[in-house]
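J.: The structure file final_18.cif (mmCIF, N, CA, C and O atoms) is provided below.
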data_my_file
loop_
_atom_site.label_atom_id
_atom_site.label_comp_id
_atom_site.auth_asym_id
_atom_site.auth_seq_id
_atom_site.Cartn_x
_atom_site.Cartn_y
_atom_site.Cartn_z
N ALA A 1 101.18 109.78 116.68
CA ALA A 1 102.07 108.98 117.48
C ALA A 1 102.97 109.85 118.35
O ALA A 1 103.43 109.41 119.38
N LYS A 2 103.21 111.09 117.91
CA LYS A 2 104.03 112.00 118.70
C LYS A 2 103.30 112.48 119.94
O LYS A 2 103.93 112.83 120.93
N ARG A 3 101.96 112.51 119.90
CA ARG A 3 101.17 113.01 121.02
C ARG A 3 100.58 111.90 121.88
O ARG A 3 100.47 112.05 123.08
N TRP A 4 100.13 110.82 121.24
CA TRP A 4 99.45 109.75 121.97
C TRP A 4 100.04 108.41 121.57
O TRP A 4 100.38 108.18 120.41
N ASP A 5 100.09 107.51 122.52
CA ASP A 5 100.58 106.17 122.19
C ASP A 5 99.43 105.19 121.96
O ASP A 5 99.64 104.08 121.48
N SER A 6 98.21 105.61 122.31
CA SER A 6 97.04 104.75 122.10
C SER A 6 95.81 105.61 121.87
O SER A 6 95.82 106.81 122.14
N MET A 7 94.76 104.97 121.38
CA MET A 7 93.45 105.63 121.25
C MET A 7 92.38 104.56 121.25
O MET A 7 92.64 103.41 120.93
N THR A 8 91.18 104.97 121.62
CA THR A 8 90.08 104.00 121.72
C THR A 8 88.95 104.28 120.76
O THR A 8 88.00 103.51 120.69
N GLY A 9 89.03 105.37 120.00
CA GLY A 9 87.93 105.67 119.09
C GLY A 9 88.38 106.41 117.85
O GLY A 9 89.35 107.16 117.87
N LEU A 10 87.66 106.16 116.77
CA LEU A 10 87.90 106.83 115.50
C LEU A 10 86.53 107.15 114.89
O LEU A 10 85.66 106.28 114.83
N VAL A 11 86.34 108.39 114.48
CA VAL A 11 85.11 108.79 113.80
C VAL A 11 85.45 109.11 112.34
O VAL A 11 86.29 109.97 112.07
N HIS A 12 84.80 108.41 111.44
CA HIS A 12 84.93 108.65 110.00
C HIS A 12 83.68 109.42 109.58
O HIS A 12 82.57 108.91 109.60
N SER A 13 83.87 110.67 109.23
CA SER A 13 82.76 111.52 108.81
C SER A 13 83.18 112.25 107.54
O SER A 13 83.29 113.47 107.51
N VAL A 14 83.45 111.46 106.52
CA VAL A 14 83.99 111.98 105.27
C VAL A 14 83.09 111.54 104.13
O VAL A 14 82.78 110.36 104.01
N ALA A 15 82.69 112.48 103.29
CA ALA A 15 81.90 112.14 102.10
C ALA A 15 82.06 113.26 101.07
O ALA A 15 82.24 114.42 101.44
N PHE A 16 81.98 112.90 99.81
CA PHE A 16 82.08 113.90 98.74
C PHE A 16 81.55 113.33 97.44
O PHE A 16 81.78 112.17 97.12
N ALA A 17 80.87 114.16 96.71
CA ALA A 17 80.52 113.90 95.32
C ALA A 17 80.49 115.25 94.62
O ALA A 17 80.08 116.26 95.22
N GLN A 18 80.93 115.27 93.39
CA GLN A 18 80.89 116.51 92.63
C GLN A 18 79.44 116.94 92.45
O GLN A 18 78.55 116.12 92.24
N LYS A 19 79.23 118.23 92.51
CA LYS A 19 77.88 118.79 92.40
C LYS A 19 77.16 118.29 91.15
O LYS A 19 75.98 117.95 91.20
N GLU A 20 77.87 118.21 90.06
CA GLU A 20 77.26 117.78 88.80
C GLU A 20 76.73 116.34 88.87
O GLU A 20 75.79 115.99 88.15
N GLU A 21 77.33 115.53 89.73
CA GLU A 21 76.91 114.14 89.85
C GLU A 21 75.64 113.99 90.68
O GLU A 21 75.04 112.91 90.71
N LEU A 22 75.24 115.06 91.34
CA LEU A 22 74.04 115.04 92.18
C LEU A 22 72.87 115.74 91.49
O LEU A 22 71.86 116.03 92.12
N GLU A 23 73.02 116.00 90.22
CA GLU A 23 71.97 116.66 89.43
C GLU A 23 71.57 115.72 88.29
O GLU A 23 72.40 115.01 87.75
N GLY A 24 70.31 115.73 87.95
CA GLY A 24 69.86 114.92 86.83
C GLY A 24 69.79 113.45 87.15
O GLY A 24 69.66 113.04 88.30
N ALA A 25 69.93 112.65 86.11
CA ALA A 25 69.76 111.20 86.23
C ALA A 25 71.06 110.50 86.64
O ALA A 25 72.15 110.87 86.17
N PHE A 26 70.93 109.49 87.45
CA PHE A 26 72.08 108.70 87.90
C PHE A 26 72.82 108.08 86.72
O PHE A 26 74.05 107.98 86.73
N ILE A 27 72.09 107.70 85.68
CA ILE A 27 72.71 107.04 84.53
C ILE A 27 73.75 107.93 83.85
O ILE A 27 74.63 107.46 83.14
N ASN A 28 73.70 109.23 84.09
CA ASN A 28 74.65 110.16 83.49
C ASN A 28 75.89 110.39 84.36
O ASN A 28 76.71 111.25 84.05
N THR A 29 76.04 109.62 85.42
CA THR A 29 77.21 109.75 86.29
C THR A 29 78.48 109.46 85.49
O THR A 29 78.55 108.45 84.79
N SER A 30 79.45 110.33 85.60
CA SER A 30 80.72 110.11 84.89
C SER A 30 81.58 109.10 85.63
O SER A 30 81.43 108.90 86.84
N ARG A 31 82.49 108.48 84.92
CA ARG A 31 83.42 107.54 85.54
C ARG A 31 84.26 108.25 86.59
O ARG A 31 84.49 107.74 87.68
N GLN A 32 84.72 109.45 86.27
CA GLN A 32 85.55 110.21 87.21
C GLN A 32 84.74 110.59 88.44
O GLN A 32 85.23 110.49 89.57
N GLY A 33 83.49 111.00 88.25
CA GLY A 33 82.64 111.37 89.38
C GLY A 33 82.31 110.17 90.26
O GLY A 33 82.28 110.27 91.50
N PHE A 34 82.07 109.04 89.63
CA PHE A 34 81.79 107.79 90.35
C PHE A 34 83.00 107.40 91.19
O PHE A 34 82.91 107.10 92.38
N SER A 35 84.16 107.43 90.56
CA SER A 35 85.40 107.05 91.23
C SER A 35 85.71 107.97 92.41
O SER A 35 86.08 107.50 93.49
N ALA A 36 85.54 109.26 92.21
CA ALA A 36 85.82 110.23 93.28
C ALA A 36 84.88 110.03 94.47
O ALA A 36 85.32 110.05 95.63
N ALA A 37 83.60 109.82 94.20
CA ALA A 37 82.64 109.63 95.28
C ALA A 37 82.95 108.38 96.09
O ALA A 37 82.90 108.39 97.32
N LEU A 38 83.27 107.28 95.41
CA LEU A 38 83.59 106.03 96.10
C LEU A 38 84.90 106.14 96.87
O LEU A 38 85.00 105.65 98.00
N ASP A 39 85.88 106.77 96.28
CA ASP A 39 87.18 106.91 96.93
C ASP A 39 87.07 107.74 98.21
O ASP A 39 87.50 107.31 99.28
N VAL A 40 86.46 108.90 98.10
CA VAL A 40 86.38 109.80 99.25
C VAL A 40 85.37 109.31 100.28
O VAL A 40 85.63 109.36 101.48
N SER A 41 84.24 108.82 99.84
CA SER A 41 83.15 108.49 100.76
C SER A 41 83.24 107.09 101.37
O SER A 41 82.70 106.86 102.45
N ALA A 42 83.92 106.16 100.70
CA ALA A 42 83.97 104.78 101.20
C ALA A 42 85.40 104.33 101.50
O ALA A 42 85.68 103.85 102.59
N TYR A 43 86.31 104.48 100.55
CA TYR A 43 87.66 103.96 100.75
C TYR A 43 88.38 104.65 101.91
O TYR A 43 89.22 104.03 102.57
N THR A 44 88.06 105.90 102.17
CA THR A 44 88.73 106.61 103.26
C THR A 44 88.53 105.92 104.61
O THR A 44 89.35 106.07 105.51
N LEU A 45 87.44 105.16 104.76
CA LEU A 45 87.26 104.42 106.00
C LEU A 45 88.43 103.45 106.21
O LEU A 45 88.99 103.37 107.30
N LEU A 46 88.80 102.73 105.17
CA LEU A 46 89.95 101.82 105.27
C LEU A 46 91.24 102.60 105.49
O LEU A 46 92.10 102.20 106.27
N GLY A 47 91.35 103.71 104.78
CA GLY A 47 92.55 104.53 104.89
C GLY A 47 92.75 105.10 106.29
O GLY A 47 93.89 105.34 106.70
N LEU A 48 91.69 105.29 107.03
CA LEU A 48 91.79 105.77 108.41
C LEU A 48 91.88 104.61 109.40
O LEU A 48 92.58 104.70 110.41
N ALA A 49 91.16 103.53 109.13
CA ALA A 49 91.14 102.40 110.06
C ALA A 49 92.49 101.70 110.14
O ALA A 49 92.93 101.32 111.23
N ARG A 50 93.13 101.51 109.01
CA ARG A 50 94.38 100.76 108.98
C ARG A 50 95.44 101.36 109.91
O ARG A 50 95.99 100.64 110.75
N PRO A 51 95.76 102.65 109.81
CA PRO A 51 96.78 103.18 110.72
C PRO A 51 96.29 103.32 112.17
O PRO A 51 97.11 103.48 113.07
N ALA A 52 94.99 103.25 112.40
CA ALA A 52 94.46 103.34 113.76
C ALA A 52 94.65 102.05 114.54
O ALA A 52 94.70 102.06 115.77
N LEU A 53 94.77 100.92 113.84
CA LEU A 53 94.82 99.62 114.51
C LEU A 53 95.93 99.49 115.55
O LEU A 53 95.66 99.00 116.66
N PRO A 54 97.15 99.91 115.27
CA PRO A 54 98.18 99.79 116.31
C PRO A 54 97.85 100.59 117.57
O PRO A 54 98.17 100.16 118.68
N PHE A 55 97.19 101.72 117.41
CA PHE A 55 96.79 102.54 118.56
C PHE A 55 95.69 101.85 119.35
O PHE A 55 95.66 101.90 120.57
N PHE A 56 94.76 101.20 118.65
CA PHE A 56 93.71 100.43 119.32
C PHE A 56 94.31 99.26 120.09
O PHE A 56 93.91 98.96 121.20
N GLU A 57 95.26 98.59 119.46
CA GLU A 57 95.89 97.44 120.11
C GLU A 57 96.58 97.86 121.41
O GLU A 57 96.47 97.17 122.42
N LYS A 58 97.25 99.00 121.39
CA LYS A 58 97.92 99.49 122.61
C LYS A 58 96.91 99.86 123.69
O LYS A 58 97.22 99.79 124.87
N ALA A 59 95.71 100.25 123.28
CA ALA A 59 94.67 100.62 124.24
C ALA A 59 93.86 99.41 124.71
O ALA A 59 93.02 99.52 125.59
N GLY A 60 94.08 98.27 124.10
CA GLY A 60 93.32 97.08 124.45
C GLY A 60 92.00 96.97 123.72
O GLY A 60 91.11 96.22 124.11
N GLY A 61 91.85 97.71 122.64
CA GLY A 61 90.63 97.68 121.83
C GLY A 61 90.24 99.07 121.40
O GLY A 61 90.80 100.06 121.86
N GLY A 62 89.28 99.15 120.52
CA GLY A 62 88.83 100.45 120.03
C GLY A 62 87.52 100.34 119.28
O GLY A 62 87.04 99.25 119.00
N THR A 63 86.98 101.49 118.96
CA THR A 63 85.70 101.59 118.26
C THR A 63 85.85 102.49 117.05
O THR A 63 86.47 103.55 117.14
N ILE A 64 85.25 102.07 115.94
CA ILE A 64 85.22 102.89 114.73
C ILE A 64 83.76 103.23 114.45
O ILE A 64 82.91 102.34 114.41
N LEU A 65 83.49 104.50 114.26
CA LEU A 65 82.15 104.99 113.96
C LEU A 65 82.19 105.70 112.62
O LEU A 65 83.09 106.50 112.37
N THR A 66 81.23 105.40 111.75
CA THR A 66 81.12 106.12 110.50
C THR A 66 79.66 106.54 110.31
O THR A 66 78.77 106.05 110.99
N LEU A 67 79.44 107.45 109.41
CA LEU A 67 78.10 108.00 109.18
C LEU A 67 77.61 107.61 107.80
O LEU A 67 78.33 107.72 106.81
N SER A 68 76.37 107.16 107.74
CA SER A 68 75.76 106.81 106.47
C SER A 68 74.48 107.63 106.31
O SER A 68 74.28 108.61 107.03
N TYR A 69 73.64 107.20 105.39
CA TYR A 69 72.41 107.94 105.12
C TYR A 69 71.40 106.98 104.50
O TYR A 69 71.76 105.99 103.86
N TYR A 70 70.16 107.29 104.69
CA TYR A 70 69.03 106.53 104.16
C TYR A 70 69.19 106.21 102.67
O TYR A 70 68.78 105.16 102.19
N GLY A 71 69.83 107.10 101.93
CA GLY A 71 70.02 106.92 100.50
C GLY A 71 70.89 105.73 100.14
O GLY A 71 70.98 105.36 98.98
N ALA A 72 71.55 105.11 101.12
CA ALA A 72 72.30 103.89 100.87
C ALA A 72 71.37 102.69 100.72
O ALA A 72 71.72 101.70 100.09
N GLN A 73 70.16 102.78 101.29
CA GLN A 73 69.21 101.68 101.29
C GLN A 73 68.05 101.89 100.32
O GLN A 73 67.54 100.93 99.76
N LYS A 74 67.64 103.12 100.16
CA LYS A 74 66.50 103.45 99.30
C LYS A 74 66.90 104.59 98.37
O LYS A 74 67.73 105.43 98.71
N VAL A 75 66.27 104.64 97.22
CA VAL A 75 66.55 105.72 96.27
C VAL A 75 66.03 107.04 96.82
O VAL A 75 64.87 107.14 97.23
N VAL A 76 66.90 108.04 96.83
CA VAL A 76 66.55 109.40 97.22
C VAL A 76 66.84 110.26 95.99
O VAL A 76 67.99 110.29 95.52
N PRO A 77 65.85 110.94 95.43
CA PRO A 77 66.08 111.74 94.23
C PRO A 77 67.27 112.68 94.38
O PRO A 77 67.44 113.34 95.41
N ASN A 78 68.11 112.69 93.36
CA ASN A 78 69.30 113.53 93.27
C ASN A 78 70.43 113.15 94.22
O ASN A 78 71.46 113.81 94.24
N TYR A 79 70.28 112.11 95.02
CA TYR A 79 71.39 111.65 95.86
C TYR A 79 72.37 110.85 95.00
O TYR A 79 73.56 110.78 95.29
N ASN A 80 71.84 110.23 93.98
CA ASN A 80 72.60 109.57 92.91
C ASN A 80 73.80 108.78 93.40
O ASN A 80 73.67 107.85 94.16
N VAL A 81 74.99 109.15 92.95
CA VAL A 81 76.19 108.39 93.24
C VAL A 81 76.54 108.36 94.73
O VAL A 81 77.21 107.44 95.20
N MET A 82 76.04 109.31 95.48
CA MET A 82 76.29 109.28 96.93
C MET A 82 75.58 108.10 97.57
O MET A 82 76.08 107.52 98.53
N GLY A 83 74.42 107.72 97.05
CA GLY A 83 73.73 106.54 97.56
C GLY A 83 74.55 105.29 97.33
O GLY A 83 74.65 104.43 98.21
N VAL A 84 75.15 105.20 96.17
CA VAL A 84 76.02 104.06 95.86
C VAL A 84 77.25 104.08 96.76
O VAL A 84 77.67 103.05 97.29
N ALA A 85 77.83 105.26 96.95
CA ALA A 85 79.01 105.38 97.81
C ALA A 85 78.69 105.01 99.25
O ALA A 85 79.47 104.33 99.92
N LYS A 86 77.55 105.45 99.75
CA LYS A 86 77.17 105.11 101.13
C LYS A 86 76.85 103.62 101.27
O LYS A 86 77.14 103.02 102.30
N ALA A 87 76.29 103.02 100.23
CA ALA A 87 76.06 101.57 100.27
C ALA A 87 77.40 100.84 100.32
O ALA A 87 77.55 99.86 101.06
N ALA A 88 78.38 101.31 99.56
CA ALA A 88 79.72 100.72 99.61
C ALA A 88 80.34 100.92 100.98
O ALA A 88 81.01 100.02 101.51
N LEU A 89 80.12 102.07 101.58
CA LEU A 89 80.62 102.33 102.93
C LEU A 89 80.01 101.34 103.92
O LEU A 89 80.73 100.76 104.75
N GLU A 90 78.72 101.12 103.83
CA GLU A 90 78.05 100.19 104.74
C GLU A 90 78.57 98.76 104.56
O GLU A 90 78.77 98.03 105.53
N ALA A 91 78.81 98.35 103.32
CA ALA A 91 79.38 97.03 103.07
C ALA A 91 80.80 96.95 103.63
O ALA A 91 81.20 95.93 104.20
N SER A 92 81.54 98.02 103.50
CA SER A 92 82.90 98.06 104.04
C SER A 92 82.89 97.89 105.55
O SER A 92 83.77 97.22 106.11
N VAL A 93 81.91 98.48 106.21
CA VAL A 93 81.79 98.32 107.67
C VAL A 93 81.61 96.85 108.03
O VAL A 93 82.23 96.34 108.96
N ARG A 94 80.77 96.15 107.29
CA ARG A 94 80.54 94.73 107.57
C ARG A 94 81.82 93.92 107.39
O ARG A 94 82.16 93.06 108.22
N TYR A 95 82.58 94.19 106.33
CA TYR A 95 83.82 93.46 106.09
C TYR A 95 84.88 93.82 107.12
O TYR A 95 85.64 92.95 107.57
N LEU A 96 84.96 95.09 107.51
CA LEU A 96 85.89 95.47 108.58
C LEU A 96 85.51 94.80 109.89
O LEU A 96 86.39 94.34 110.63
N ALA A 97 84.24 94.76 110.19
CA ALA A 97 83.79 94.12 111.43
C ALA A 97 84.20 92.65 111.44
O ALA A 97 84.64 92.13 112.46
N TYR A 98 84.10 92.00 110.31
CA TYR A 98 84.51 90.60 110.21
C TYR A 98 86.02 90.47 110.45
O TYR A 98 86.47 89.62 111.20
N ASP A 99 86.80 91.33 109.78
CA ASP A 99 88.26 91.28 109.92
C ASP A 99 88.72 91.58 111.33
O ASP A 99 89.65 90.96 111.83
N LEU A 100 88.09 92.56 111.94
CA LEU A 100 88.59 93.05 113.23
C LEU A 100 87.92 92.40 114.40
O LEU A 100 88.36 92.52 115.52
#
Starting from the file, lay out its structure as structure tokens.
T.:
Amino acid sequence: AKRWDSMTGLVHSVAFAQKEELEGAFINTSRQGFSAALDVSAYTLLGLARPALPFFEKAGGGTILTLSYYGAQKVVPNYNVMGVAKAALEASVRYLAYDL
């Protein structure tokens, strides 16, 4: 806000899962690893979009872009909890699109 009074675009390119959660079977995913992957990879979209809205409004509109991966739709060996996180991200996009 100190530099710009408006903006027209936001890119969300954030994802994370602990290395251990990407090895072995998905069924062995820890609660902490699951939570961290969902928080960083999906919830951050909301965390960035919410404060961007006033800047979009001042610009007369805006665009939000995020990055997903095939593993959100189909099983990719060892992608494990990241596939679940990316699927949550994609669902979040649909709900944000409805809201906005």
J.: Mind giving me the straight-line distance from atom C of Ser41 (chain A) to atom C of Thr29 (chain A) in Å, one decimal?
T.: 16.7 Å
J.: Residues near region 11-17 of chain A, anyone? I mean within 8 Å using only C-alpha atoms, not counting same-chain ones fewer than 4 positions away, as a PDB file with N, CA, C and O atoms, keeping the file's coordinate frame.
T.:
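Here's the written file part.pdb:
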ATOM      1  N   GLU A  21      77.330 115.530  89.730  1.00  0.00           N
ATOM      2  CA  GLU A  21      76.910 114.140  89.850  1.00  0.00           C
ATOM      3  C   GLU A  21      75.640 113.990  90.680  1.00  0.00           C
ATOM      4  O   GLU A  21      75.040 112.910  90.710  1.00  0.00           O
ATOM      5  N   LEU A  22      75.240 115.060  91.340  1.00  0.00           N
ATOM      6  CA  LEU A  22      74.040 115.040  92.180  1.00  0.00           C
ATOM      7  C   LEU A  22      72.870 115.740  91.490  1.00  0.00           C
ATOM      8  O   LEU A  22      71.860 116.030  92.120  1.00  0.00           O
ATOM      9  N   GLY A  33      83.490 111.000  88.250  1.00  0.00           N
ATOM     10  CA  GLY A  33      82.640 111.370  89.380  1.00  0.00           C
ATOM     11  C   GLY A  33      82.310 110.170  90.260  1.00  0.00           C
ATOM     12  O   GLY A  33      82.280 110.270  91.500  1.00  0.00           O
ATOM     13  N   PHE A  34      82.070 109.040  89.630  1.00  0.00           N
ATOM     14  CA  PHE A  34      81.790 107.790  90.350  1.00  0.00           C
ATOM     15  C   PHE A  34      83.000 107.400  91.190  1.00  0.00           C
ATOM     16  O   PHE A  34      82.910 107.100  92.380  1.00  0.00           O
ATOM     17  N   ALA A  36      85.540 109.260  92.210  1.00  0.00           N
ATOM     18  CA  ALA A  36      85.820 110.230  93.280  1.00  0.00           C
ATOM     19  C   ALA A  36      84.880 110.030  94.470  1.00  0.00           C
ATOM     20  O   ALA A  36      85.320 110.050  95.630  1.00  0.00           O
ATOM     21  N   ALA A  37      83.600 109.820  94.200  1.00  0.00           N
ATOM     22  CA  ALA A  37      82.640 109.630  95.280  1.00  0.00           C
ATOM     23  C   ALA A  37      82.950 108.380  96.090  1.00  0.00           C
ATOM     24  O   ALA A  37      82.900 108.390  97.320  1.00  0.00           O
ATOM     25  N   VAL A  40      86.460 108.900  98.100  1.00  0.00           N
ATOM     26  CA  VAL A  40      86.380 109.800  99.250  1.00  0.00           C
ATOM     27  C   VAL A  40      85.370 109.310 100.280  1.00  0.00           C
ATOM     28  O   VAL A  40      85.630 109.360 101.480  1.00  0.00           O
ATOM     29  N   SER A  41      84.240 108.820  99.840  1.00  0.00           N
ATOM     30  CA  SER A  41      83.150 108.490 100.760  1.00  0.00           C
ATOM     31  C   SER A  41      83.240 107.090 101.370  1.00  0.00           C
ATOM     32  O   SER A  41      82.700 106.860 102.450  1.00  0.00           O
ATOM     33  N   ALA A  42      83.920 106.160 100.700  1.00  0.00           N
ATOM     34  CA  ALA A  42      83.970 104.780 101.200  1.00  0.00           C
ATOM     35  C   ALA A  42      85.400 104.330 101.500  1.00  0.00           C
ATOM     36  O   ALA A  42      85.680 103.850 102.590  1.00  0.00           O
ATOM     37  N   THR A  44      88.060 105.900 102.170  1.00  0.00           N
ATOM     38  CA  THR A  44      88.730 106.610 103.260  1.00  0.00           C
ATOM     39  C   THR A  44      88.530 105.920 104.610  1.00  0.00           C
ATOM     40  O   THR A  44      89.350 106.070 105.510  1.00  0.00           O
ATOM     41  N   LEU A  45      87.440 105.160 104.760  1.00  0.00           N
ATOM     42  CA  LEU A  45      87.260 104.420 106.000  1.00  0.00           C
ATOM     43  C   LEU A  45      88.430 103.450 106.210  1.00  0.00           C
ATOM     44  O   LEU A  45      88.990 103.370 107.300  1.00  0.00           O
ATOM     45  N   LEU A  48      91.690 105.290 107.030  1.00  0.00           N
ATOM     46  CA  LEU A  48      91.790 105.770 108.410  1.00  0.00           C
ATOM     47  C   LEU A  48      91.880 104.610 109.400  1.00  0.00           C
ATOM     48  O   LEU A  48      92.580 104.700 110.410  1.00  0.00           O
ATOM     49  N   ILE A  64      85.250 102.070 115.940  1.00  0.00           N
ATOM     50  CA  ILE A  64      85.220 102.890 114.730  1.00  0.00           C
ATOM     51  C   ILE A  64      83.760 103.230 114.450  1.00  0.00           C
ATOM     52  O   ILE A  64      82.910 102.340 114.410  1.00  0.00           O
ATOM     53  N   LEU A  65      83.490 104.500 114.260  1.00  0.00           N
ATOM     54  CA  LEU A  65      82.150 104.990 113.960  1.00  0.00           C
ATOM     55  C   LEU A  65      82.190 105.700 112.620  1.00  0.00           C
ATOM     56  O   LEU A  65      83.090 106.500 112.370  1.00  0.00           O
ATOM     57  N   THR A  66      81.230 105.400 111.750  1.00  0.00           N
ATOM     58  CA  THR A  66      81.120 106.120 110.500  1.00  0.00           C
ATOM     59  C   THR A  66      79.660 106.540 110.310  1.00  0.00           C
ATOM     60  O   THR A  66      78.770 106.050 110.990  1.00  0.00           O
ATOM     61  N   LEU A  67      79.440 107.450 109.410  1.00  0.00           N
ATOM     62  CA  LEU A  67      78.100 108.000 109.180  1.00  0.00           C
ATOM     63  C   LEU A  67      77.610 107.610 107.800  1.00  0.00           C
ATOM     64  O   LEU A  67      78.330 107.720 106.810  1.00  0.00           O
ATOM     65  N   VAL A  81      74.990 109.150  92.950  1.00  0.00           N
ATOM     66  CA  VAL A  81      76.190 108.390  93.240  1.00  0.00           C
ATOM     67  C   VAL A  81      76.540 108.360  94.730  1.00  0.00           C
ATOM     68  O   VAL A  81      77.210 107.440  95.200  1.00  0.00           O
ATOM     69  N   MET A  82      76.040 109.310  95.480  1.00  0.00           N
ATOM     70  CA  MET A  82      76.290 109.280  96.930  1.00  0.00           C
ATOM     71  C   MET A  82      75.580 108.100  97.570  1.00  0.00           C
ATOM     72  O   MET A  82      76.080 107.520  98.530  1.00  0.00           O
TER      73      MET A  82
END
J.: Mind giving me the straight-line distance from CA of Asp39 (chain A) to CA of Ala1 (chain A) in Å, one decimal?
T.: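 These two atoms are separated by 25.5 Å.
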J.: Run through the PyMOL selection byres (((chain A and resi 69 and name CA) around 12) and name CA) on the given coordinates and return the selected residues as JSON, numbers by chain.
T.: {"A": [13, 15, 41, 66, 67, 68, 70, 71, 72, 73, 74, 75, 76, 79, 82, 83, 84, 85, 86, 87, 88, 89, 90]}
J.: Enclose region 81-84 of chain A, meaning all of its atoms listed in the file, in a box aligned along x, y and z, pad it by 4 Å on each side, and list the centre and edge lengths in Å to one decimal, as AutoDock Vina command-line options.
T.:
--center_x 75.7 --center_y 106.2 --center_z 95.7 --size_x 11.9 --size_y 14.3 --size_z 13.6
J.: Report, in Å with one decimal, the straight-line distance from CA of Leu100 (chain A) to CA of Phe56 (chain A).
T.: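 Calculated distance between CA of Leu100 (chain A) and CA of Phe56 (chain A) is 10.9 Å.
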J.: Using the chain letters and numbers from this document, which residues of chain A does DSSP assign to helix (DSSP H, G or I), as JSON, numbers by chain?
T.: {"A": [19, 20, 21, 22, 26, 27, 28, 31, 32, 33, 34, 35, 36, 37, 38, 39, 40, 41, 42, 43, 44, 45, 46, 47, 48, 49, 50, 51, 52, 53, 54, 55, 56, 57, 58, 59, 70, 71, 72, 81, 82, 83, 84, 85, 86, 87, 88, 89, 90, 91, 92, 93, 94, 95, 96, 97, 98, 99]}
J.: Suppose a student applies the PyMOL selection byres ((chain A and resi 4-7) around 7) to this structure; what residues should they get, written as a VMD selection string?
T.: chain A and resid 1 to 3 8 to 10 52 to 63
J.: Using DSSP on the backbone coordinates, identify the residues of region 2-83 of chain A assigned to strand (DSSP E); present them as a PyMOL selection string.
T.: chain A and resi 9-12+63-66
J.: So, counting only C-alpha atoms, which residue among A:Tyr43, A:Leu38, A:Leu96, A:Asn78 is closest to Glu20 (chain A)?
T.: A:Asn78
J.: Of the residues A:Pro51, A:Asn80, A:Tyr95, A:Leu46, which is the one nearest to Phe26 (chain A), using all atoms listed in the file?
T.: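 Among the listed residues, the smallest separation from Phe26 (chain A) belongs to A:Asn80.
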